[in-house]
Amino acid sequence: MEYTFILDILGVIAFSISGVLSALKKRMDAFGIFIIAFVTSVGGGTLRDVLLGVPVMWMQDLTYVYVIIITAVLAVFFRKKLFYLRKSLFLFDTFGIGLYTVAGVEKGIAEGLPAIICIALGTVSACFGGVIRDILCNEIPQIFRKEIYATACILGGFSYFVFLKLNLPLSLIFIFSGFVVILVRLSAVVFKLSLPSVYKKDEDIEDYW
Amino acid sequence: MEYTFILDILGVIAFSISGVLSALKKRMDAFGIFIIAFVTSVGGGTLRDVLLGVPVMWMQDLTYVYVIIITAVLAVFFRKKLFYLRKSLFLFDTFGIGLYTVAGVEKGIAEGLPAIICIALGTVSACFGGVIRDILCNEIPQIFRKEIYATACILGGFSYFVFLKLNLPLSLIFIFSGFVVILVRLSAVVFKLSLPSVYKKDEDIEDYW
Amino acid sequence: MEYTFILDILGVIAFSISGVLSALKKRMDAFGIFIIAFVTSVGGGTLRDVLLGVPVMWMQDLTYVYVIIITAVLAVFFRKKLFYLRKSLFLFDTFGIGLYTVAGVEKGIAEGLPAIICIALGTVSACFGGVIRDILCNEIPQIFRKEIYATACILGGFSYFVFLKLNLPLSLIFIFSGFVVILVRLSAVVFKLSLPSVYKKDEDIEDYW
């Protein structure tokens, strides 16, 4: 479908730019910047494909590689201007995770896997590029500390199976559950929502063990 | 076999709790805690299955996912009590690595691989969940510094092939070599055994290079 | 071919020793030292094989495992002498990346993948052992900061397809493109070449975001 292709490319661009910024902060060289942009964009989908034992998507379709190379080069050159694009980038990123989540869920369904595993695969597709980026940058993955990002994917994946039970047509399910991801994330950011913390004030876990 | 199923579940519970504790120490959020519990439990087996190119075990059997979710929730709620369970948890963990090692060895044999690779696969199954946990928590893997854990797996895997040479029945080999892992680890902890250090006192490796 | 086998083993030895030195610096124990030596040697090829979905090379041929074990033991015992071997080790390492790059490119071609993916696979084979080593040692991968290493692999992989267009015989292409990798890296080190930096003096990336 044409519109998913455009969303996919916008997501890849937003994820690549987020990778370039992380790599620049660590003062990596040109090769490092490209690799971080690459794993941020396609790392989640790669992990999903390796877990599924199916061919890795970016080896089959060179569009990803070209878009990442061009984005990384432009992002390095215009890095001072990226700040002014931050709202667009946030939107692209949000559309990206919506699309990646649903695409991951559908790949799991195509392999005949149970719903909970499909939801996990959707979340992995959308979120683990950022996890690999943070590991390569020697940081604790951000997503393990700011939970609404992953929660949006899980809720979107869950809604996919709710819509499926309601016998909606597949193309509508695709759009609706993608929008669930996008709406949850946008509301979380706009209304500063977060899940209740599991920690008590001043709690020191080291004391328990 | 029924008893291996119970040991497997006990191992998953002990590994999940160890993951929850690591994640709490890093003040991760609910999603991060679940992911760390998950990779600690099934990360080693997942790496083994990906290396073997066979279907990943937790995608085929949802028991793992449910046990990890329930354990993670309970462990977060009752985290102050976990300290009092530490001896049981240590025993569960030890049974877990015994079972995972032998299961890993047998998966390698089923793929027709040579003994040394099967022993490596058993050790990976039992130990690399903890390695991935430590990488995600941005620490040097503990197991690379406290060797008896891995050594127990290697010796157990080795004993599997010794018992095989002795023509013992397979079910006995399974039990005996699992017990080798358990005994080596228990004795190491009880008698505070460790392999001789490769370092001299006050040795500074940076000086050599 | 006999000479590629010798180069392969020399590369494995050089990579293992580099792993042993990294592990010693982190004061890892015997198990940790062996694992770091192992992933430094065969981690890149393993990632390549997993991405390709083909059997992992060191599971099929035990030579790697034996060479790494022997090298790791000798490197630990004679660690004080390694400094005097540094020029030989640098040469072995350079021959190693030349060979690994071309072998990776050819594996990609054998799977019918496009040229740019084959070049990426060659670079992954030669460089990602070091990346995994650095992640396990809790460091930002060196290769993301010192670019000529990876650049040599990319240029060598590119030259493979130029020579292919020129209709050279395959055995010559293998040798010539391996030599491109070796020459680029040797010249970079001898003449202290590096790619132009993407950073301006005193530039602080944090300011942009």
# chains A, B, ... in the order shown; residues from 1 in each chain; ligands from 1

$ closest_atom_pairs --of "chain A" --to "chain C" --cutoff "8 Å" --atoms "only C-alpha atoms" --output "JSON lines"
{"residue": "A:Leu21", "atom": "CA", "partner": "C:Ile205", "partner_atom": "CA", "distance": 8.0}
{"residue": "A:Leu24", "atom": "CA", "partner": "C:Ile205", "partner_atom": "CA", "distance": 6.5}
{"residue": "A:Lys25", "atom": "CA", "partner": "C:Ile205", "partner_atom": "CA", "distance": 5.5}
{"residue": "A:Arg27", "atom": "CA", "partner": "C:Arg145", "partner_atom": "CA", "distance": 7.5}
{"residue": "A:Met28", "atom": "CA", "partner": "C:Arg145", "partner_atom": "CA", "distance": 4.9}
{"residue": "A:Asp29", "atom": "CA", "partner": "C:Arg145", "partner_atom": "CA", "distance": 5.0}
{"residue": "A:Ala30", "atom": "CA", "partner": "C:Val198", "partner_atom": "CA", "distance": 6.9}
{"residue": "A:Phe31", "atom": "CA", "partner": "C:Glu147", "partner_atom": "CA", "distance": 5.9}
{"residue": "A:Gly32", "atom": "CA", "partner": "C:Phe144", "partner_atom": "CA", "distance": 3.8}
{"residue": "A:Ile33", "atom": "CA", "partner": "C:Phe144", "partner_atom": "CA", "distance": 7.4}
{"residue": "A:Val50", "atom": "CA", "partner": "C:Leu51", "partner_atom": "CA", "distance": 6.8}
{"residue": "A:Gly53", "atom": "CA", "partner": "C:Gly53", "partner_atom": "CA", "distance": 7.0}
{"residue": "A:Val54", "atom": "CA", "partner": "C:Gly53", "partner_atom": "CA", "distance": 7.8}
{"residue": "A:Pro55", "atom": "CA", "partner": "C:Gly53", "partner_atom": "CA", "distance": 7.1}
{"residue": "A:Val56", "atom": "CA", "partner": "C:Leu51", "partner_atom": "CA", "distance": 6.6}
{"residue": "A:Met59", "atom": "CA", "partner": "C:Ile117", "partner_atom": "CA", "distance": 6.3}
{"residue": "A:Gln60", "atom": "CA", "partner": "C:Leu113", "partner_atom": "CA", "distance": 7.7}
{"residue": "A:Val76", "atom": "CA", "partner": "C:Val198", "partner_atom": "CA", "distance": 7.5}
{"residue": "A:Arg79", "atom": "CA", "partner": "C:Tyr208", "partner_atom": "CA", "distance": 7.5}
{"residue": "A:Lys80", "atom": "CA", "partner": "C:Tyr208", "partner_atom": "CA", "distance": 5.8}
{"residue": "A:Lys81", "atom": "CA", "partner": "C:Tyr208", "partner_atom": "CA", "distance": 7.9}
{"residue": "A:Leu82", "atom": "CA", "partner": "C:Tyr208", "partner_atom": "CA", "distance": 7.6}
{"residue": "A:Phe83", "atom": "CA", "partner": "C:Trp209", "partner_atom": "CA", "distance": 5.4}
{"residue": "A:Ile135", "atom": "CA", "partner": "C:Ile135", "partner_atom": "CA", "distance": 7.4}
{"residue": "A:Leu136", "atom": "CA", "partner": "C:Ile140", "partner_atom": "CA", "distance": 6.2}
{"residue": "A:Cys137", "atom": "CA", "partner": "C:Ile140", "partner_atom": "CA", "distance": 5.7}
{"residue": "A:Asn138", "atom": "CA", "partner": "C:Ile140", "partner_atom": "CA", "distance": 5.5}

$ residues_around --residues "Ala152 (chain B)" --least-positions-apart "3" --cutoff "7 Å" --atoms "only C-alpha atoms" --output "PyMOL selection string"
chain B and resi 148-149+155-156+181+184-185

$ write_last_selection --atoms "all heavy atoms" --output "mmCIF file, in the first residue's frame"
data_model
loop_
_atom_site.group_PDB
_atom_site.id
_atom_site.type_symbol
_atom_site.label_atom_id
_atom_site.label_comp_id
_atom_site.auth_asym_id
_atom_site.auth_seq_id
_atom_site.Cartn_x
_atom_site.Cartn_y
_atom_site.Cartn_z
ATOM 1 N N ILE B 148 32.904 -19.773 38.661
ATOM 2 C CA ILE B 148 32.425 -21.106 38.968
ATOM 3 C C ILE B 148 31.051 -21.380 38.338
ATOM 4 O O ILE B 148 30.737 -22.501 37.948
ATOM 5 C CB ILE B 148 32.430 -21.335 40.498
ATOM 6 C CG1 ILE B 148 33.862 -21.560 40.950
ATOM 7 C CG2 ILE B 148 31.573 -22.506 40.903
ATOM 8 C CD1 ILE B 148 34.525 -22.787 40.354
ATOM 9 N N TYR B 149 30.254 -20.342 38.187
ATOM 10 C CA TYR B 149 28.956 -20.466 37.540
ATOM 11 C C TYR B 149 29.072 -21.136 36.166
ATOM 12 O O TYR B 149 28.481 -22.182 35.917
ATOM 13 C CB TYR B 149 28.367 -19.058 37.397
ATOM 14 C CG TYR B 149 26.901 -18.981 37.119
ATOM 15 C CD1 TYR B 149 25.985 -18.886 38.150
ATOM 16 C CD2 TYR B 149 26.431 -18.969 35.818
ATOM 17 C CE1 TYR B 149 24.628 -18.789 37.895
ATOM 18 C CE2 TYR B 149 25.077 -18.873 35.550
ATOM 19 C CZ TYR B 149 24.174 -18.781 36.591
ATOM 20 O OH TYR B 149 22.844 -18.694 36.330
ATOM 21 N N LEU B 155 31.567 -28.288 33.077
ATOM 22 C CA LEU B 155 31.836 -29.620 33.640
ATOM 23 C C LEU B 155 30.616 -30.526 33.489
ATOM 24 O O LEU B 155 30.747 -31.714 33.166
ATOM 25 C CB LEU B 155 32.240 -29.510 35.115
ATOM 26 C CG LEU B 155 33.608 -28.871 35.362
ATOM 27 C CD1 LEU B 155 33.873 -28.747 36.867
ATOM 28 C CD2 LEU B 155 34.717 -29.706 34.695
ATOM 29 N N GLY B 156 29.419 -29.977 33.732
ATOM 30 C CA GLY B 156 28.199 -30.767 33.567
ATOM 31 C C GLY B 156 28.032 -31.233 32.124
ATOM 32 O O GLY B 156 27.682 -32.391 31.863
ATOM 33 N N VAL B 181 26.333 -30.350 37.402
ATOM 34 C CA VAL B 181 26.269 -28.879 37.411
ATOM 35 C C VAL B 181 25.897 -28.379 38.804
ATOM 36 O O VAL B 181 26.555 -27.488 39.370
ATOM 37 C CB VAL B 181 25.223 -28.359 36.385
ATOM 38 C CG1 VAL B 181 25.144 -26.833 36.425
ATOM 39 C CG2 VAL B 181 25.523 -28.842 34.980
ATOM 40 N N VAL B 184 28.671 -29.103 41.501
ATOM 41 C CA VAL B 184 29.852 -28.240 41.360
ATOM 42 C C VAL B 184 29.516 -26.839 41.867
ATOM 43 O O VAL B 184 30.274 -26.238 42.635
ATOM 44 C CB VAL B 184 30.332 -28.180 39.895
ATOM 45 C CG1 VAL B 184 31.427 -27.127 39.732
ATOM 46 C CG2 VAL B 184 30.844 -29.545 39.444
ATOM 47 N N ARG B 185 28.345 -26.332 41.471
ATOM 48 C CA ARG B 185 28.024 -24.971 41.890
ATOM 49 C C ARG B 185 27.789 -24.887 43.400
ATOM 50 O O ARG B 185 28.281 -23.967 44.063
ATOM 51 C CB ARG B 185 26.794 -24.460 41.157
ATOM 52 C CG ARG B 185 26.647 -22.992 41.450
ATOM 53 C CD ARG B 185 25.698 -22.289 40.571
ATOM 54 N NE ARG B 185 25.649 -20.899 40.986
ATOM 55 C CZ ARG B 185 24.534 -20.201 41.132
ATOM 56 N NH1 ARG B 185 23.371 -20.752 40.870
ATOM 57 N NH2 ARG B 185 24.576 -18.959 41.524
#

$ select_by_dssp --residues "region 17-187 of chain C" --states "alpha helix (DSSP H)" --output "number ranges by chain"
C: 17-25, 30-52, 57-60, 63-77, 86-110, 115-136, 148-165, 170-187

$ atom_distance --atom1 "CA of Tyr160 (chain B)" --atom2 "CA of Leu183 (chain B)"
14.2 Å

$ closest_residue --among "C:Ser41, C:Ser177, C:Ser16, C:Asn167" --to "Glu106 (chain C)" --atoms "only C-alpha atoms"
C:Ser177

$ residues_around --residues "region 87-93 of chain A" --least-positions-apart "2" --cutoff "9 Å" --atoms "only C-alpha atoms" --output "PDB file with all heavy atoms, in the first residue's frame"
ATOM      1  N   LEU A   7       4.747   6.299   5.202  1.00  0.00           N
ATOM      2  CA  LEU A   7       4.915   6.311   6.664  1.00  0.00           C
ATOM      3  C   LEU A   7       6.195   5.579   7.069  1.00  0.00           C
ATOM      4  O   LEU A   7       6.918   6.014   7.967  1.00  0.00           O
ATOM      5  CB  LEU A   7       3.720   5.630   7.347  1.00  0.00           C
ATOM      6  CG  LEU A   7       2.399   6.396   7.348  1.00  0.00           C
ATOM      7  CD1 LEU A   7       1.341   5.586   8.076  1.00  0.00           C
ATOM      8  CD2 LEU A   7       2.568   7.754   7.998  1.00  0.00           C
ATOM      9  N   LEU A  10       9.096   7.816   6.380  1.00  0.00           N
ATOM     10  CA  LEU A  10       9.151   8.901   7.377  1.00  0.00           C
ATOM     11  C   LEU A  10       9.664   8.367   8.722  1.00  0.00           C
ATOM     12  O   LEU A  10      10.454   9.024   9.400  1.00  0.00           O
ATOM     13  CB  LEU A  10       7.766   9.532   7.563  1.00  0.00           C
ATOM     14  CG  LEU A  10       7.242  10.369   6.396  1.00  0.00           C
ATOM     15  CD1 LEU A  10       5.853  10.919   6.714  1.00  0.00           C
ATOM     16  CD2 LEU A  10       8.195  11.515   6.071  1.00  0.00           C
ATOM     17  N   GLY A  11       9.218   7.156   9.088  1.00  0.00           N
ATOM     18  CA  GLY A  11       9.690   6.545  10.334  1.00  0.00           C
ATOM     19  C   GLY A  11      11.190   6.285  10.281  1.00  0.00           C
ATOM     20  O   GLY A  11      11.926   6.607  11.227  1.00  0.00           O
ATOM     21  N   VAL A  12      11.665   5.736   9.156  1.00  0.00           N
ATOM     22  CA  VAL A  12      13.095   5.460   9.000  1.00  0.00           C
ATOM     23  C   VAL A  12      13.895   6.761   9.113  1.00  0.00           C
ATOM     24  O   VAL A  12      14.933   6.815   9.787  1.00  0.00           O
ATOM     25  CB  VAL A  12      13.381   4.758   7.642  1.00  0.00           C
ATOM     26  CG1 VAL A  12      14.872   4.752   7.341  1.00  0.00           C
ATOM     27  CG2 VAL A  12      12.844   3.340   7.668  1.00  0.00           C
ATOM     28  N   ILE A  13      13.389   7.839   8.495  1.00  0.00           N
ATOM     29  CA  ILE A  13      14.082   9.128   8.564  1.00  0.00           C
ATOM     30  C   ILE A  13      14.152   9.618  10.009  1.00  0.00           C
ATOM     31  O   ILE A  13      15.225  10.001  10.497  1.00  0.00           O
ATOM     32  CB  ILE A  13      13.370  10.171   7.665  1.00  0.00           C
ATOM     33  CG1 ILE A  13      13.567   9.794   6.187  1.00  0.00           C
ATOM     34  CG2 ILE A  13      13.883  11.581   7.940  1.00  0.00           C
ATOM     35  CD1 ILE A  13      12.776  10.652   5.207  1.00  0.00           C
ATOM     36  N   ALA A  14      13.014   9.561  10.724  1.00  0.00           N
ATOM     37  CA  ALA A  14      12.999  10.059  12.108  1.00  0.00           C
ATOM     38  C   ALA A  14      13.918   9.225  12.996  1.00  0.00           C
ATOM     39  O   ALA A  14      14.680   9.766  13.811  1.00  0.00           O
ATOM     40  CB  ALA A  14      11.578  10.036  12.661  1.00  0.00           C
ATOM     41  N   PHE A  15      13.865   7.894  12.837  1.00  0.00           N
ATOM     42  CA  PHE A  15      14.720   7.022  13.641  1.00  0.00           C
ATOM     43  C   PHE A  15      16.204   7.257  13.312  1.00  0.00           C
ATOM     44  O   PHE A  15      17.047   7.275  14.204  1.00  0.00           O
ATOM     45  CB  PHE A  15      14.360   5.551  13.396  1.00  0.00           C
ATOM     46  CG  PHE A  15      13.073   5.113  14.031  1.00  0.00           C
ATOM     47  CD1 PHE A  15      12.458   3.915  13.646  1.00  0.00           C
ATOM     48  CD2 PHE A  15      12.455   5.854  15.021  1.00  0.00           C
ATOM     49  CE1 PHE A  15      11.269   3.488  14.232  1.00  0.00           C
ATOM     50  CE2 PHE A  15      11.267   5.432  15.614  1.00  0.00           C
ATOM     51  CZ  PHE A  15      10.677   4.244  15.217  1.00  0.00           C
ATOM     52  N   ILE A  17      17.616   9.995  12.223  1.00  0.00           N
ATOM     53  CA  ILE A  17      18.066  11.277  12.781  1.00  0.00           C
ATOM     54  C   ILE A  17      18.286  11.144  14.285  1.00  0.00           C
ATOM     55  O   ILE A  17      19.266  11.665  14.823  1.00  0.00           O
ATOM     56  CB  ILE A  17      17.051  12.394  12.456  1.00  0.00           C
ATOM     57  CG1 ILE A  17      17.073  12.650  10.943  1.00  0.00           C
ATOM     58  CG2 ILE A  17      17.372  13.675  13.227  1.00  0.00           C
ATOM     59  CD1 ILE A  17      16.063  13.676  10.473  1.00  0.00           C
ATOM     60  N   SER A  18      17.402  10.392  14.953  1.00  0.00           N
ATOM     61  CA  SER A  18      17.606  10.191  16.395  1.00  0.00           C
ATOM     62  C   SER A  18      18.922   9.444  16.628  1.00  0.00           C
ATOM     63  O   SER A  18      19.657   9.729  17.582  1.00  0.00           O
ATOM     64  CB  SER A  18      16.407   9.453  16.995  1.00  0.00           C
ATOM     65  OG  SER A  18      16.780   8.275  17.645  1.00  0.00           O
ATOM     66  N   LEU A  82      18.491  20.898  13.175  1.00  0.00           N
ATOM     67  CA  LEU A  82      17.569  19.813  13.555  1.00  0.00           C
ATOM     68  C   LEU A  82      16.647  20.220  14.699  1.00  0.00           C
ATOM     69  O   LEU A  82      15.506  19.789  14.777  1.00  0.00           O
ATOM     70  CB  LEU A  82      18.342  18.553  13.942  1.00  0.00           C
ATOM     71  CG  LEU A  82      18.963  17.799  12.770  1.00  0.00           C
ATOM     72  CD1 LEU A  82      19.846  16.677  13.288  1.00  0.00           C
ATOM     73  CD2 LEU A  82      17.882  17.271  11.847  1.00  0.00           C
ATOM     74  N   PHE A  83      17.171  21.073  15.563  1.00  0.00           N
ATOM     75  CA  PHE A  83      16.388  21.519  16.703  1.00  0.00           C
ATOM     76  C   PHE A  83      15.049  22.122  16.262  1.00  0.00           C
ATOM     77  O   PHE A  83      14.016  21.903  16.888  1.00  0.00           O
ATOM     78  CB  PHE A  83      17.191  22.545  17.506  1.00  0.00           C
ATOM     79  CG  PHE A  83      16.480  23.028  18.724  1.00  0.00           C
ATOM     80  CD1 PHE A  83      16.389  22.235  19.859  1.00  0.00           C
ATOM     81  CD2 PHE A  83      15.875  24.278  18.744  1.00  0.00           C
ATOM     82  CE1 PHE A  83      15.722  22.680  20.988  1.00  0.00           C
ATOM     83  CE2 PHE A  83      15.209  24.732  19.877  1.00  0.00           C
ATOM     84  CZ  PHE A  83      15.129  23.926  20.999  1.00  0.00           C
ATOM     85  N   TYR A  84      15.081  22.863  15.134  1.00  0.00           N
ATOM     86  CA  TYR A  84      13.855  23.527  14.672  1.00  0.00           C
ATOM     87  C   TYR A  84      12.862  22.540  14.066  1.00  0.00           C
ATOM     88  O   TYR A  84      11.699  22.843  13.877  1.00  0.00           O
ATOM     89  CB  TYR A  84      14.200  24.625  13.662  1.00  0.00           C
ATOM     90  CG  TYR A  84      15.162  25.617  14.250  1.00  0.00           C
ATOM     91  CD1 TYR A  84      16.499  25.625  13.877  1.00  0.00           C
ATOM     92  CD2 TYR A  84      14.744  26.513  15.229  1.00  0.00           C
ATOM     93  CE1 TYR A  84      17.394  26.501  14.457  1.00  0.00           C
ATOM     94  CE2 TYR A  84      15.627  27.394  15.810  1.00  0.00           C
ATOM     95  CZ  TYR A  84      16.958  27.392  15.418  1.00  0.00           C
ATOM     96  OH  TYR A  84      17.838  28.250  16.007  1.00  0.00           O
ATOM     97  N   LEU A  85      13.366  21.350  13.738  1.00  0.00           N
ATOM     98  CA  LEU A  85      12.503  20.308  13.165  1.00  0.00           C
ATOM     99  C   LEU A  85      11.951  19.389  14.234  1.00  0.00           C
ATOM    100  O   LEU A  85      11.304  18.388  13.928  1.00  0.00           O
ATOM    101  CB  LEU A  85      13.299  19.446  12.177  1.00  0.00           C
ATOM    102  CG  LEU A  85      13.698  20.097  10.860  1.00  0.00           C
ATOM    103  CD1 LEU A  85      14.570  19.125  10.078  1.00  0.00           C
ATOM    104  CD2 LEU A  85      12.443  20.434  10.062  1.00  0.00           C
ATOM    105  N   PHE A  95       4.508   8.353  14.073  1.00  0.00           N
ATOM    106  CA  PHE A  95       3.921   7.591  12.973  1.00  0.00           C
ATOM    107  C   PHE A  95       4.738   6.316  12.731  1.00  0.00           C
ATOM    108  O   PHE A  95       4.184   5.245  12.505  1.00  0.00           O
ATOM    109  CB  PHE A  95       3.887   8.435  11.682  1.00  0.00           C
ATOM    110  CG  PHE A  95       2.776   9.440  11.674  1.00  0.00           C
ATOM    111  CD1 PHE A  95       3.045  10.799  11.650  1.00  0.00           C
ATOM    112  CD2 PHE A  95       1.444   9.023  11.689  1.00  0.00           C
ATOM    113  CE1 PHE A  95       2.013  11.740  11.653  1.00  0.00           C
ATOM    114  CE2 PHE A  95       0.409   9.955  11.687  1.00  0.00           C
ATOM    115  CZ  PHE A  95       0.697  11.319  11.672  1.00  0.00           C
ATOM    116  N   GLY A  96       6.057   6.456  12.817  1.00  0.00           N
ATOM    117  CA  GLY A  96       6.941   5.298  12.597  1.00  0.00           C
ATOM    118  C   GLY A  96       6.653   4.161  13.560  1.00  0.00           C
ATOM    119  O   GLY A  96       6.464   3.015  13.155  1.00  0.00           O
ATOM    120  N   ILE A  97       6.559   4.469  14.868  1.00  0.00           N
ATOM    121  CA  ILE A  97       6.347   3.367  15.812  1.00  0.00           C
ATOM    122  C   ILE A  97       4.944   2.769  15.625  1.00  0.00           C
ATOM    123  O   ILE A  97       4.764   1.572  15.796  1.00  0.00           O
ATOM    124  CB  ILE A  97       6.622   3.732  17.294  1.00  0.00           C
ATOM    125  CG1 ILE A  97       5.623   4.724  17.841  1.00  0.00           C
ATOM    126  CG2 ILE A  97       8.031   4.172  17.520  1.00  0.00           C
ATOM    127  CD1 ILE A  97       5.625   4.757  19.386  1.00  0.00           C
ATOM    128  N   GLY A  98       3.970   3.619  15.250  1.00  0.00           N
ATOM    129  CA  GLY A  98       2.628   3.082  14.973  1.00  0.00           C
ATOM    130  C   GLY A  98       2.691   2.057  13.853  1.00  0.00           C
ATOM    131  O   GLY A  98       2.203   0.925  13.977  1.00  0.00           O
ATOM    132  N   ILE A 182      -0.371   5.729  18.033  1.00  0.00           N
ATOM    133  CA  ILE A 182      -0.077   7.151  17.851  1.00  0.00           C
ATOM    134  C   ILE A 182      -0.813   8.003  18.890  1.00  0.00           C
ATOM    135  O   ILE A 182      -0.222   8.889  19.528  1.00  0.00           O
ATOM    136  CB  ILE A 182      -0.459   7.573  16.414  1.00  0.00           C
ATOM    137  CG1 ILE A 182       0.474   6.861  15.415  1.00  0.00           C
ATOM    138  CG2 ILE A 182      -0.397   9.087  16.227  1.00  0.00           C
ATOM    139  CD1 ILE A 182       0.024   6.939  13.965  1.00  0.00           C
ATOM    140  N   LEU A 186       0.885  10.290  21.701  1.00  0.00           N
ATOM    141  CA  LEU A 186       0.666  11.738  21.665  1.00  0.00           C
ATOM    142  C   LEU A 186       0.028  12.224  22.961  1.00  0.00           C
ATOM    143  O   LEU A 186       0.465  13.215  23.557  1.00  0.00           O
ATOM    144  CB  LEU A 186      -0.216  12.120  20.470  1.00  0.00           C
ATOM    145  CG  LEU A 186       0.438  12.060  19.088  1.00  0.00           C
ATOM    146  CD1 LEU A 186      -0.544  12.514  18.015  1.00  0.00           C
ATOM    147  CD2 LEU A 186       1.689  12.943  19.045  1.00  0.00           C
TER     148      LEU A 186
END

$ closest_residue --among "B:Leu172, B:Ile35, B:Thr4, B:Ile9" --to "Thr123 (chain A)" --atoms "only C-alpha atoms"
B:Ile35

$ atom_distance --atom1 "CA of Val20 (chain A)" --atom2 "CA of Arg133 (chain A)"
10.0 Å

$ residues_around --residues "Ala103 (chain A)" --least-positions-apart "6" --cutoff "9 Å" --atoms "only C-alpha atoms" --output "VMD selection string"
chain A and resid 122 125 174

$ closest_residue --among "B:Val67, B:Leu193, B:Val162, B:Ile119" --to "Ile6 (chain B)" --atoms "only C-alpha atoms"
B:Val67
